[in-house]
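*Asks:* Here you go, this is input11.cif (mmCIF, C-alpha atoms and all ligand atoms; chains and numbers go by the auth columns).
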```cif
data_structure
#
loop_
_atom_site.group_PDB
_atom_site.id
_atom_site.type_symbol
_atom_site.label_atom_id
_atom_site.label_comp_id
_atom_site.label_asym_id
_atom_site.label_seq_id
_atom_site.Cartn_x
_atom_site.Cartn_y
_atom_site.Cartn_z
_atom_site.B_iso_or_equiv
_atom_site.auth_seq_id
_atom_site.auth_asym_id
ATOM 1 C CA MET A 1 70.162 74.699 94.477 0.00 1 H
ATOM 2 C CA ASP A 2 72.263 76.054 97.348 0.00 2 H
ATOM 3 C CA ARG A 3 72.135 73.435 100.112 0.00 3 H
ATOM 4 C CA LYS A 4 72.175 76.103 102.816 0.00 4 H
ATOM 5 C CA ALA A 5 69.010 77.589 101.300 0.00 5 H
ATOM 6 C CA LEU A 6 67.195 74.261 101.428 0.00 6 H
ATOM 7 C CA PRO A 7 64.105 74.639 103.615 0.00 7 H
ATOM 8 C CA VAL A 8 63.697 71.824 106.106 0.00 8 H
ATOM 9 C CA HIS A 9 60.266 70.871 104.731 0.00 9 H
ATOM 10 C CA ASP A 10 62.019 69.731 101.531 0.00 10 H
ATOM 11 C CA VAL A 11 63.471 66.849 103.529 0.00 11 H
ATOM 12 C CA GLU A 12 61.322 63.728 103.639 0.00 12 H
ATOM 13 C CA LEU A 13 61.709 60.732 105.942 0.00 13 H
ATOM 14 C CA ARG A 14 61.027 57.221 104.720 0.00 14 H
ATOM 15 C CA ARG A 15 61.589 53.677 105.917 0.00 15 H
ATOM 16 C CA ALA A 16 64.535 52.005 104.189 0.00 16 H
ATOM 17 C CA HIS A 17 64.223 48.817 102.109 0.00 17 H
ATOM 18 C CA PRO A 18 66.817 46.228 100.986 0.00 18 H
ATOM 19 C CA GLY A 19 67.671 48.340 97.903 0.00 19 H
ATOM 20 C CA ASP A 20 68.977 51.055 100.280 0.00 20 H
ATOM 21 C CA THR A 21 71.762 48.878 101.698 0.00 21 H
ATOM 22 C CA ASP A 22 74.602 50.734 99.922 0.00 22 H
ATOM 23 C CA THR A 23 73.242 54.114 101.077 0.00 23 H
ATOM 24 C CA ILE A 24 72.915 52.903 104.665 0.00 24 H
ATOM 25 C CA VAL A 25 76.424 51.419 104.633 0.00 25 H
ATOM 26 C CA ASP A 26 77.863 54.663 103.251 0.00 26 H
ATOM 27 C CA LEU A 27 76.134 56.810 105.914 0.00 27 H
ATOM 28 C CA LEU A 28 77.055 54.457 108.796 0.00 28 H
ATOM 29 C CA HIS A 29 80.647 54.209 107.570 0.00 29 H
ATOM 30 C CA ARG A 30 80.933 58.020 107.504 0.00 30 H
ATOM 31 C CA MET A 31 79.459 58.188 110.997 0.00 31 H
ATOM 32 C CA LEU A 32 81.941 55.635 112.406 0.00 32 H
ATOM 33 C CA LYS A 33 84.870 57.581 110.934 0.00 33 H
ATOM 34 C CA GLU A 34 83.614 60.783 112.596 0.00 34 H
ATOM 35 C CA MET A 35 83.148 58.897 115.879 0.00 35 H
ATOM 36 C CA ALA A 36 86.747 57.594 115.682 0.00 36 H
ATOM 37 C CA ALA A 37 87.953 61.201 115.501 0.00 37 H
ATOM 38 C CA LEU A 38 86.020 61.912 118.732 0.00 38 H
ATOM 39 C CA GLY A 39 87.591 59.012 120.663 0.00 39 H
ATOM 40 C CA GLY A 40 85.544 56.061 119.356 0.00 40 H
ATOM 41 C CA HIS A 41 87.001 52.774 118.122 0.00 41 H
ATOM 42 C CA PRO A 42 89.264 53.157 115.054 0.00 42 H
ATOM 43 C CA VAL A 43 87.451 51.892 111.931 0.00 43 H
ATOM 44 C CA ALA A 44 88.862 48.799 110.149 0.00 44 H
ATOM 45 C CA GLU A 45 90.910 49.533 107.035 0.00 45 H
ATOM 46 C CA GLY A 46 89.944 48.669 103.459 0.00 46 H
ATOM 47 C CA SER A 47 86.643 46.996 102.604 0.00 47 H
ATOM 48 C CA ARG A 48 86.240 45.084 105.896 0.00 48 H
ATOM 49 C CA ALA A 49 84.086 47.677 107.675 0.00 49 H
ATOM 50 C CA ALA A 50 81.766 48.219 104.688 0.00 50 H
ATOM 51 C CA ALA A 51 81.422 44.453 104.129 0.00 51 H
ATOM 52 C CA TRP A 52 80.430 43.882 107.756 0.00 52 H
ATOM 53 C CA LEU A 53 78.005 46.817 107.774 0.00 53 H
ATOM 54 C CA GLY A 54 76.449 45.516 104.546 0.00 54 H
ATOM 55 C CA GLN A 55 75.877 42.037 106.000 0.00 55 H
ATOM 56 C CA ARG A 56 74.409 43.476 109.183 0.00 56 H
ATOM 57 C CA CYS A 57 72.129 45.807 107.243 0.00 57 H
ATOM 58 C CA ALA A 58 70.932 43.019 104.927 0.00 58 H
ATOM 59 C CA ALA A 59 70.099 40.903 107.979 0.00 59 H
ATOM 60 C CA THR A 60 68.092 43.607 109.743 0.00 60 H
ATOM 61 C CA VAL A 61 66.560 45.999 107.178 0.00 61 H
ATOM 62 C CA GLU A 62 63.353 43.967 106.859 0.00 62 H
ATOM 63 C CA ASP A 63 63.163 42.913 110.514 0.00 63 H
ATOM 64 C CA PRO A 64 59.874 44.330 111.891 0.00 64 H
ATOM 65 C CA GLU A 65 61.646 45.108 115.194 0.00 65 H
ATOM 66 C CA HIS A 66 64.485 47.011 113.506 0.00 66 H
ATOM 67 C CA LEU A 67 64.115 50.488 112.065 0.00 67 H
ATOM 68 C CA PHE A 68 66.223 52.246 109.444 0.00 68 H
ATOM 69 C CA LEU A 69 64.747 55.637 108.569 0.00 69 H
ATOM 70 C CA LEU A 70 66.339 57.676 105.804 0.00 70 H
ATOM 71 C CA ALA A 71 66.106 61.459 105.425 0.00 71 H
ATOM 72 C CA GLU A 72 66.067 62.464 101.767 0.00 72 H
ATOM 73 C CA ALA A 73 66.421 65.975 100.341 0.00 73 H
ATOM 74 C CA GLN A 74 65.084 67.091 96.994 0.00 74 H
ATOM 75 C CA VAL A 75 68.001 69.065 95.533 0.00 75 H
ATOM 76 C CA LEU A 76 68.540 68.501 91.789 0.00 76 H
ATOM 77 C CA GLU A 77 67.416 64.943 92.440 0.00 77 H
ATOM 78 C CA VAL A 78 66.452 63.077 95.602 0.00 78 H
ATOM 79 C CA GLU A 79 69.572 62.629 97.760 0.00 79 H
ATOM 80 C CA PRO A 80 69.940 60.695 101.021 0.00 80 H
ATOM 81 C CA VAL A 81 71.189 63.139 103.663 0.00 81 H
ATOM 82 C CA GLY A 82 70.796 61.303 106.952 0.00 82 H
ATOM 83 C CA LEU A 83 69.544 58.281 108.809 0.00 83 H
ATOM 84 C CA VAL A 84 68.510 56.908 112.150 0.00 84 H
ATOM 85 C CA GLU A 85 68.821 53.241 113.114 0.00 85 H
ATOM 86 C CA ALA A 86 66.962 51.805 116.103 0.00 86 H
ATOM 87 C CA SER A 87 65.668 48.457 117.298 0.00 87 H
ATOM 88 C CA ILE A 88 63.549 46.949 120.029 0.00 88 H
ATOM 89 C CA THR A 89 65.632 45.169 122.656 0.00 89 H
ATOM 90 C CA ARG A 90 64.721 43.180 125.773 0.00 90 H
ATOM 91 C CA PRO A 91 66.892 42.848 128.883 0.00 91 H
ATOM 92 C CA PRO A 92 68.232 39.335 129.683 0.00 92 H
ATOM 93 C CA PRO A 93 65.799 37.060 131.588 0.00 93 H
ATOM 94 C CA VAL A 94 67.364 37.886 134.958 0.00 94 H
ATOM 95 C CA PHE A 95 65.566 41.234 134.669 0.00 95 H
ATOM 96 C CA ARG A 96 61.857 41.949 134.412 0.00 96 H
ATOM 97 C CA THR A 97 60.599 41.696 130.824 0.00 97 H
ATOM 98 C CA ARG A 98 60.152 45.014 129.060 0.00 98 H
ATOM 99 C CA ARG A 99 60.781 46.475 125.645 0.00 99 H
ATOM 100 C CA VAL A 100 63.479 49.116 125.273 0.00 100 H
ATOM 101 C CA LEU A 101 64.093 51.160 122.138 0.00 101 H
ATOM 102 C CA HIS A 102 67.835 51.149 121.450 0.00 102 H
ATOM 103 C CA ILE A 103 69.045 53.900 119.128 0.00 103 H
ATOM 104 C CA HIS A 104 72.102 52.515 117.347 0.00 104 H
ATOM 105 C CA ALA A 105 72.967 55.423 115.055 0.00 105 H
ATOM 106 C CA VAL A 106 71.956 58.863 113.911 0.00 106 H
ATOM 107 C CA TYR A 107 73.838 60.649 111.164 0.00 107 H
ATOM 108 C CA VAL A 108 73.334 63.740 109.008 0.00 108 H
ATOM 109 C CA LEU A 109 75.717 64.720 106.194 0.00 109 H
ATOM 110 C CA PRO A 110 77.840 67.754 107.200 0.00 110 H
ATOM 111 C CA GLY A 111 76.276 70.058 104.569 0.00 111 H
ATOM 112 C CA TYR A 112 72.790 69.508 106.016 0.00 112 H
ATOM 113 C CA ARG A 113 73.437 69.939 109.732 0.00 113 H
ATOM 114 C CA ARG A 114 71.736 72.332 112.161 0.00 114 H
ATOM 115 C CA ARG A 115 68.434 72.387 110.282 0.00 115 H
ATOM 116 C CA GLY A 116 66.570 70.020 112.569 0.00 116 H
ATOM 117 C CA ILE A 117 66.974 66.866 110.453 0.00 117 H
ATOM 118 C CA ALA A 118 68.415 64.716 113.266 0.00 118 H
ATOM 119 C CA LEU A 119 65.687 66.021 115.568 0.00 119 H
ATOM 120 C CA ARG A 120 63.019 64.877 113.094 0.00 120 H
ATOM 121 C CA LEU A 121 64.701 61.484 112.608 0.00 121 H
ATOM 122 C CA LEU A 122 64.949 60.907 116.351 0.00 122 H
ATOM 123 C CA GLU A 123 61.396 62.069 117.063 0.00 123 H
ATOM 124 C CA ALA A 124 60.152 59.629 114.404 0.00 124 H
ATOM 125 C CA ALA A 125 62.232 56.799 115.927 0.00 125 H
ATOM 126 C CA LEU A 126 60.868 57.565 119.417 0.00 126 H
ATOM 127 C CA GLU A 127 57.328 57.565 118.047 0.00 127 H
ATOM 128 C CA TRP A 128 57.993 54.180 116.391 0.00 128 H
ATOM 129 C CA GLY A 129 59.263 52.882 119.758 0.00 129 H
ATOM 130 C CA ARG A 130 56.109 54.136 121.515 0.00 130 H
ATOM 131 C CA ALA A 131 53.935 52.503 118.858 0.00 131 H
ATOM 132 C CA HIS A 132 55.812 49.230 119.537 0.00 132 H
ATOM 133 C CA SER A 133 55.137 49.440 123.302 0.00 133 H
ATOM 134 C CA CYS A 134 58.677 50.362 124.348 0.00 134 H
ATOM 135 C CA ALA A 135 58.821 51.670 127.902 0.00 135 H
ATOM 136 C CA GLU A 136 62.118 53.498 127.491 0.00 136 H
ATOM 137 C CA ALA A 137 64.645 54.653 124.890 0.00 137 H
ATOM 138 C CA GLU A 138 68.428 54.371 125.314 0.00 138 H
ATOM 139 C CA LEU A 139 71.563 55.225 123.367 0.00 139 H
ATOM 140 C CA ASN A 140 75.309 55.608 123.863 0.00 140 H
ATOM 141 C CA THR A 141 77.338 58.635 122.982 0.00 141 H
ATOM 142 C CA LEU A 142 80.993 59.587 123.349 0.00 142 H
ATOM 143 C CA CYS A 143 81.811 62.114 126.080 0.00 143 H
ATOM 144 C CA ARG A 144 83.299 64.501 123.503 0.00 144 H
ATOM 145 C CA ASN A 145 80.394 64.277 121.054 0.00 145 H
ATOM 146 C CA PRO A 146 78.287 67.473 120.895 0.00 146 H
ATOM 147 C CA ALA A 147 75.401 65.193 119.813 0.00 147 H
ATOM 148 C CA ARG A 148 74.635 64.955 123.532 0.00 148 H
ATOM 149 C CA TYR A 149 73.045 68.434 123.354 0.00 149 H
ATOM 150 C CA LEU A 150 70.689 67.069 120.720 0.00 150 H
ATOM 151 C CA TYR A 151 69.814 64.096 122.948 0.00 151 H
ATOM 152 C CA GLU A 152 69.343 66.323 125.997 0.00 152 H
ATOM 153 C CA SER A 153 66.961 68.512 123.999 0.00 153 H
ATOM 154 C CA LEU A 154 64.863 65.359 123.492 0.00 154 H
ATOM 155 C CA GLY A 155 64.807 64.521 127.208 0.00 155 H
ATOM 156 C CA PHE A 156 67.671 61.988 127.399 0.00 156 H
ATOM 157 C CA THR A 157 69.792 62.140 130.559 0.00 157 H
ATOM 158 C CA ALA A 158 73.093 60.369 131.358 0.00 158 H
ATOM 159 C CA ALA A 159 72.365 57.116 133.228 0.00 159 H
ATOM 160 C CA GLU A 160 75.614 55.161 132.991 0.00 160 H
ATOM 161 C CA VAL A 161 79.289 55.976 132.370 0.00 161 H
ATOM 162 C CA GLU A 162 81.607 53.603 130.455 0.00 162 H
ATOM 163 C CA MET A 163 85.124 53.941 131.928 0.00 163 H
ATOM 164 C CA ARG A 164 88.329 53.035 130.094 0.00 164 H
ATOM 165 C CA ARG A 165 92.058 53.063 130.784 0.00 165 H
ATOM 166 C CA ILE A 166 95.194 52.316 128.810 0.00 166 H
ATOM 167 C CA LEU A 167 96.817 48.916 129.566 0.00 167 H
HETATM 168 C C1 LIG B . 74.770 64.836 115.768 0.00 201 H
HETATM 169 C C2 LIG B . 74.076 65.057 114.410 0.00 201 H
HETATM 170 C C3 LIG B . 73.322 63.801 114.021 0.00 201 H
HETATM 171 C C4 LIG B . 73.109 66.243 114.547 0.00 201 H
HETATM 172 O O1 LIG B . 72.427 66.388 113.305 0.00 201 H
HETATM 173 P P1 LIG B . 71.666 67.742 112.912 0.00 201 H
HETATM 174 O O2 LIG B . 70.686 67.433 111.871 0.00 201 H
HETATM 175 O O3 LIG B . 72.679 68.792 112.654 0.00 201 H
HETATM 176 O O4 LIG B . 70.946 68.097 114.293 0.00 201 H
HETATM 177 P P2 LIG B . 69.691 69.076 114.447 0.00 201 H
HETATM 178 O O5 LIG B . 69.804 70.194 113.466 0.00 201 H
HETATM 179 O O6 LIG B . 68.452 68.283 114.447 0.00 201 H
HETATM 180 O O7 LIG B . 69.979 69.646 115.912 0.00 201 H
HETATM 181 C C5 LIG B . 68.912 69.919 116.791 0.00 201 H
HETATM 182 C C6 LIG B . 69.473 70.549 118.040 0.00 201 H
HETATM 183 O O8 LIG B . 70.448 69.673 118.647 0.00 201 H
HETATM 184 C C7 LIG B . 71.555 70.452 119.173 0.00 201 H
HETATM 185 N N1 LIG B . 72.766 70.186 118.373 0.00 201 H
HETATM 186 C C8 LIG B . 72.873 69.463 117.243 0.00 201 H
HETATM 187 N N2 LIG B . 74.164 69.422 116.827 0.00 201 H
HETATM 188 C C9 LIG B . 74.869 70.158 117.725 0.00 201 H
HETATM 189 C C10 LIG B . 76.256 70.488 117.840 0.00 201 H
HETATM 190 N N3 LIG B . 77.184 70.053 116.974 0.00 201 H
HETATM 191 N N4 LIG B . 76.647 71.259 118.889 0.00 201 H
HETATM 192 C C11 LIG B . 75.756 71.700 119.796 0.00 201 H
HETATM 193 N N5 LIG B . 74.406 71.405 119.734 0.00 201 H
HETATM 194 C C12 LIG B . 73.990 70.640 118.721 0.00 201 H
HETATM 195 C C13 LIG B . 71.140 71.906 119.009 0.00 201 H
HETATM 196 O O9 LIG B . 70.383 72.258 120.163 0.00 201 H
HETATM 197 C C14 LIG B . 70.241 71.838 117.777 0.00 201 H
HETATM 198 O O10 LIG B . 69.326 72.903 117.696 0.00 201 H
HETATM 199 P P3 LIG B . 69.830 74.328 117.076 0.00 201 H
HETATM 200 O O11 LIG B . 70.542 74.020 115.788 0.00 201 H
HETATM 201 O O12 LIG B . 68.531 75.066 116.885 0.00 201 H
HETATM 202 O O13 LIG B . 70.739 74.932 118.097 0.00 201 H
HETATM 203 C C15 LIG B . 75.122 65.431 113.308 0.00 201 H
HETATM 204 O O14 LIG B . 75.930 66.486 113.763 0.00 201 H
HETATM 205 C C16 LIG B . 76.014 64.268 112.941 0.00 201 H
HETATM 206 O O15 LIG B . 75.675 63.469 112.077 0.00 201 H
HETATM 207 N N6 LIG B . 77.177 64.148 113.632 0.00 201 H
HETATM 208 C C17 LIG B . 78.101 63.063 113.357 0.00 201 H
HETATM 209 C C18 LIG B . 77.505 61.738 113.790 0.00 201 H
HETATM 210 C C19 LIG B . 77.139 61.704 115.256 0.00 201 H
HETATM 211 O O16 LIG B . 77.779 62.309 116.103 0.00 201 H
HETATM 212 N N7 LIG B . 76.092 60.932 115.539 0.00 201 H
HETATM 213 C C20 LIG B . 75.670 60.675 116.882 0.00 201 H
HETATM 214 C C21 LIG B . 76.388 59.477 117.399 0.00 201 H
HETATM 215 S S1 LIG B . 76.045 59.193 119.122 0.00 201 H
#
```
Please, can you express the file's structure as structure tokens?
*Replies:*
Amino acid sequence: MDRKALPVHDVELRRAHPGDTDTIVDLLHRMLKEMAALGGHPVAEGSRAAAWLGQRCAATVEDPEHLFLLAEAQVLEVEPVGLVEASITRPPPVFRTRRVLHIHAVYVLPGYRRRGIALRLLEAALEWGRAHSCAEAELNTLCRNPARYLYESLGFTAAEVEMRRIL
């Protein structure tokens, strides 16, 4: 089937399980490489990045306060096409206690973009945060990343600027 012709309702979201670790690592690894091209940290060479992502995923995929949601498309067979990763965080004890939904990652494979998949993934993550009594949702994005238009369409506004300089 032509991917461009794929209607968005043929994409299903589901919670990931430990058997999805390789898929999650692959999607996160692709995302980090794209972020590096937009001014993010350069990704470690060889197998180091994938090994670290795999360990981190194995440690968190079953954590009830950590969410990995996969988007899967039915093409010739079911294919993973995107993901969102989020978790519940709490500020350090110097601040008032409250639960904040931190969105760590959102990624959609290039051939499936601009069909509302990231929007669906993020809306589901926000709903999960609400259901877990989070008062607020936060995320970081690079200044040059057009993903900010997606976040703005969901009501996110810039609250903090990370500044850098060459030494
Ligand atoms: C950012 C990303 C997740 C968006 O995925 P997507 O499924 O294409 O996004 P959606 O189709 O749900 O976009 C919804 C809306 O967000 C905005 N948007 C999304 N991508 C955009 C882009 N590249 N430029 C401008 N606006 C964009 C648009 O308003 C879009 O609606 P429209 O297509 O009707 O105009 C995807 O491009 C991606 O994986 N990029 C690389 C990884 C990345 O940048 N992740 C975010 C890290 S902070």
*Asks:* May I have the residues within 10 Å of ligand LIG 201 (chain H), computed using all atoms listed in the file, as a PyMOL selection string?
*Replies:* chain H and resi 8+27-28+30-35+38+40+71+81-84+103-123+139-154
*Asks:* Using Å and a single decimal, report how far CA of Pro93 (chain H) sits from CA of Arg56 (chain H).
*Replies:* 24.8 Å
*Asks:* Would you mind telling me which residue in H:Leu67, H:Val25, H:Ala73, H:Ala36 lies nearest to Gln55 (chain H) when using all atoms listed in the file?
*Replies:*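 Smallest separation from Gln55 (chain H) among the options: H:Val25.
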*Asks:* On this file, the PyMOL selection byres (((chain H and resi 133) around 12) and not hetatm) gives some set of residues; write that set as a list in words.
*Replies:* Glu65, Ile88, Thr89, Arg90, Arg98, Arg99, Val100, Leu101, Leu126, Glu127, Trp128, Gly129, Arg130, Ala131, His132, Cys134, Ala135, Glu136 and Ala137 of chain H
*Asks:* Work out how far apart CA of Phe156 (chain H) and CA of Glu138 (chain H) are and give it in Å to one decimal.
*Replies:* 7.9 Å
*Asks:* What separation in Å, quoted to one decimal, exists between CA of His29 (chain H) and CA of Glu12 (chain H)?
*Replies:*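 Interatomic distance, CA of His29 (chain H) to CA of Glu12 (chain H): 21.9 Å.
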*Asks:* Given only C-alpha atoms as the basis, pick out the residue of H:Gly54, H:Thr60, H:Leu13, H:Ala125 nearest to Ala86 (chain H).
*Replies:*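 Of the candidates, the smallest distance to Ala86 (chain H) is held by H:Ala125.
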*Asks:* Find the residues with any atom within 12 Å of (69.9, 42.0, 106.1); use all atoms listed in the file and the coordinates as given in the file, and write the answer as an mmCIF file with C-alpha atoms, in the coordinates of the input.
*Replies:*
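Okay, out-v4.cif is ready:
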```
data_model
loop_
_atom_site.group_PDB
_atom_site.id
_atom_site.type_symbol
_atom_site.label_atom_id
_atom_site.label_comp_id
_atom_site.auth_asym_id
_atom_site.auth_seq_id
_atom_site.Cartn_x
_atom_site.Cartn_y
_atom_site.Cartn_z
ATOM 1 C CA ALA H 16 64.535 52.005 104.189
ATOM 2 C CA HIS H 17 64.223 48.817 102.109
ATOM 3 C CA PRO H 18 66.817 46.228 100.986
ATOM 4 C CA GLY H 19 67.671 48.340 97.903
ATOM 5 C CA ASP H 20 68.977 51.055 100.280
ATOM 6 C CA THR H 21 71.762 48.878 101.698
ATOM 7 C CA ASP H 22 74.602 50.734 99.922
ATOM 8 C CA ILE H 24 72.915 52.903 104.665
ATOM 9 C CA VAL H 25 76.424 51.419 104.633
ATOM 10 C CA ALA H 51 81.422 44.453 104.129
ATOM 11 C CA TRP H 52 80.430 43.882 107.756
ATOM 12 C CA LEU H 53 78.005 46.817 107.774
ATOM 13 C CA GLY H 54 76.449 45.516 104.546
ATOM 14 C CA GLN H 55 75.877 42.037 106.000
ATOM 15 C CA ARG H 56 74.409 43.476 109.183
ATOM 16 C CA CYS H 57 72.129 45.807 107.243
ATOM 17 C CA ALA H 58 70.932 43.019 104.927
ATOM 18 C CA ALA H 59 70.099 40.903 107.979
ATOM 19 C CA THR H 60 68.092 43.607 109.743
ATOM 20 C CA VAL H 61 66.560 45.999 107.178
ATOM 21 C CA GLU H 62 63.353 43.967 106.859
ATOM 22 C CA ASP H 63 63.163 42.913 110.514
ATOM 23 C CA PRO H 64 59.874 44.330 111.891
ATOM 24 C CA HIS H 66 64.485 47.011 113.506
ATOM 25 C CA LEU H 67 64.115 50.488 112.065
ATOM 26 C CA PHE H 68 66.223 52.246 109.444
#
```
*Asks:* Because the input lacks atoms here, generate N, CA and C atoms for region 5-29 of chain H and report them as a PDB file, in the frame of the given file.
*Replies:*
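Heads up, here's the output in out38.pdb:
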```pdb
ATOM      1  N   ALA H   5      70.309  76.943 101.472  1.00  0.00           N
ATOM      2  CA  ALA H   5      69.010  77.589 101.300  1.00  0.00           C
ATOM      3  C   ALA H   5      67.868  76.581 101.352  1.00  0.00           C
ATOM      4  N   LEU H   6      68.224  75.303 101.499  1.00  0.00           N
ATOM      5  CA  LEU H   6      67.195  74.261 101.428  1.00  0.00           C
ATOM      6  C   LEU H   6      66.269  74.328 102.647  1.00  0.00           C
ATOM      7  N   PRO H   7      64.979  74.611 102.443  1.00  0.00           N
ATOM      8  CA  PRO H   7      64.105  74.639 103.615  1.00  0.00           C
ATOM      9  C   PRO H   7      63.915  73.221 104.163  1.00  0.00           C
ATOM     10  N   VAL H   8      63.737  73.131 105.475  1.00  0.00           N
ATOM     11  CA  VAL H   8      63.697  71.824 106.106  1.00  0.00           C
ATOM     12  C   VAL H   8      62.498  70.989 105.634  1.00  0.00           C
ATOM     13  N   HIS H   9      61.420  71.652 105.159  1.00  0.00           N
ATOM     14  CA  HIS H   9      60.266  70.871 104.731  1.00  0.00           C
ATOM     15  C   HIS H   9      60.524  70.162 103.396  1.00  0.00           C
ATOM     16  N   ASP H  10      61.667  70.464 102.740  1.00  0.00           N
ATOM     17  CA  ASP H  10      62.019  69.731 101.531  1.00  0.00           C
ATOM     18  C   ASP H  10      62.732  68.431 101.842  1.00  0.00           C
ATOM     19  N   VAL H  11      62.857  68.114 103.123  1.00  0.00           N
ATOM     20  CA  VAL H  11      63.471  66.849 103.529  1.00  0.00           C
ATOM     21  C   VAL H  11      62.360  65.898 103.950  1.00  0.00           C
ATOM     22  N   GLU H  12      62.359  64.728 103.328  1.00  0.00           N
ATOM     23  CA  GLU H  12      61.322  63.728 103.639  1.00  0.00           C
ATOM     24  C   GLU H  12      61.971  62.552 104.356  1.00  0.00           C
ATOM     25  N   LEU H  13      61.233  61.939 105.270  1.00  0.00           N
ATOM     26  CA  LEU H  13      61.709  60.732 105.942  1.00  0.00           C
ATOM     27  C   LEU H  13      60.980  59.537 105.356  1.00  0.00           C
ATOM     28  N   ARG H  14      61.705  58.448 105.153  1.00  0.00           N
ATOM     29  CA  ARG H  14      61.027  57.221 104.720  1.00  0.00           C
ATOM     30  C   ARG H  14      61.763  56.011 105.275  1.00  0.00           C
ATOM     31  N   ARG H  15      61.019  54.936 105.452  1.00  0.00           N
ATOM     32  CA  ARG H  15      61.589  53.677 105.917  1.00  0.00           C
ATOM     33  C   ARG H  15      62.466  53.085 104.813  1.00  0.00           C
ATOM     34  N   ALA H  16      63.626  52.577 105.190  1.00  0.00           N
ATOM     35  CA  ALA H  16      64.535  52.005 104.189  1.00  0.00           C
ATOM     36  C   ALA H  16      64.068  50.614 103.777  1.00  0.00           C
ATOM     37  N   HIS H  17      64.512  50.171 102.597  1.00  0.00           N
ATOM     38  CA  HIS H  17      64.223  48.817 102.109  1.00  0.00           C
ATOM     39  C   HIS H  17      65.548  48.176 101.672  1.00  0.00           C
ATOM     40  N   PRO H  18      65.546  46.898 101.303  1.00  0.00           N
ATOM     41  CA  PRO H  18      66.817  46.228 100.986  1.00  0.00           C
ATOM     42  C   PRO H  18      67.626  46.944  99.895  1.00  0.00           C
ATOM     43  N   GLY H  19      66.961  47.614  98.960  1.00  0.00           N
ATOM     44  CA  GLY H  19      67.671  48.340  97.903  1.00  0.00           C
ATOM     45  C   GLY H  19      68.467  49.540  98.424  1.00  0.00           C
ATOM     46  N   ASP H  20      68.266  49.907  99.698  1.00  0.00           N
ATOM     47  CA  ASP H  20      68.977  51.055 100.280  1.00  0.00           C
ATOM     48  C   ASP H  20      70.257  50.641 101.004  1.00  0.00           C
ATOM     49  N   THR H  21      70.619  49.357 100.910  1.00  0.00           N
ATOM     50  CA  THR H  21      71.762  48.878 101.698  1.00  0.00           C
ATOM     51  C   THR H  21      73.031  49.708 101.454  1.00  0.00           C
ATOM     52  N   ASP H  22      73.358  49.990 100.200  1.00  0.00           N
ATOM     53  CA  ASP H  22      74.602  50.734  99.922  1.00  0.00           C
ATOM     54  C   ASP H  22      74.568  52.133 100.549  1.00  0.00           C
ATOM     55  N   THR H  23      73.396  52.779 100.478  1.00  0.00           N
ATOM     56  CA  THR H  23      73.242  54.114 101.077  1.00  0.00           C
ATOM     57  C   THR H  23      73.440  54.040 102.590  1.00  0.00           C
ATOM     58  N   ILE H  24      72.820  53.046 103.200  1.00  0.00           N
ATOM     59  CA  ILE H  24      72.915  52.903 104.665  1.00  0.00           C
ATOM     60  C   ILE H  24      74.372  52.645 105.066  1.00  0.00           C
ATOM     61  N   VAL H  25      75.026  51.747 104.327  1.00  0.00           N
ATOM     62  CA  VAL H  25      76.424  51.419 104.633  1.00  0.00           C
ATOM     63  C   VAL H  25      77.285  52.676 104.509  1.00  0.00           C
ATOM     64  N   ASP H  26      77.068  53.446 103.452  1.00  0.00           N
ATOM     65  CA  ASP H  26      77.863  54.663 103.251  1.00  0.00           C
ATOM     66  C   ASP H  26      77.662  55.637 104.422  1.00  0.00           C
ATOM     67  N   LEU H  27      76.401  55.848 104.827  1.00  0.00           N
ATOM     68  CA  LEU H  27      76.134  56.810 105.914  1.00  0.00           C
ATOM     69  C   LEU H  27      76.703  56.301 107.244  1.00  0.00           C
ATOM     70  N   LEU H  28      76.536  54.999 107.526  1.00  0.00           N
ATOM     71  CA  LEU H  28      77.055  54.457 108.796  1.00  0.00           C
ATOM     72  C   LEU H  28      78.584  54.485 108.815  1.00  0.00           C
ATOM     73  N   HIS H  29      79.186  54.198 107.670  1.00  0.00           N
ATOM     74  CA  HIS H  29      80.647  54.209 107.570  1.00  0.00           C
ATOM     75  C   HIS H  29      81.179  55.621 107.848  1.00  0.00           C
TER      76      HIS H  29
END
```
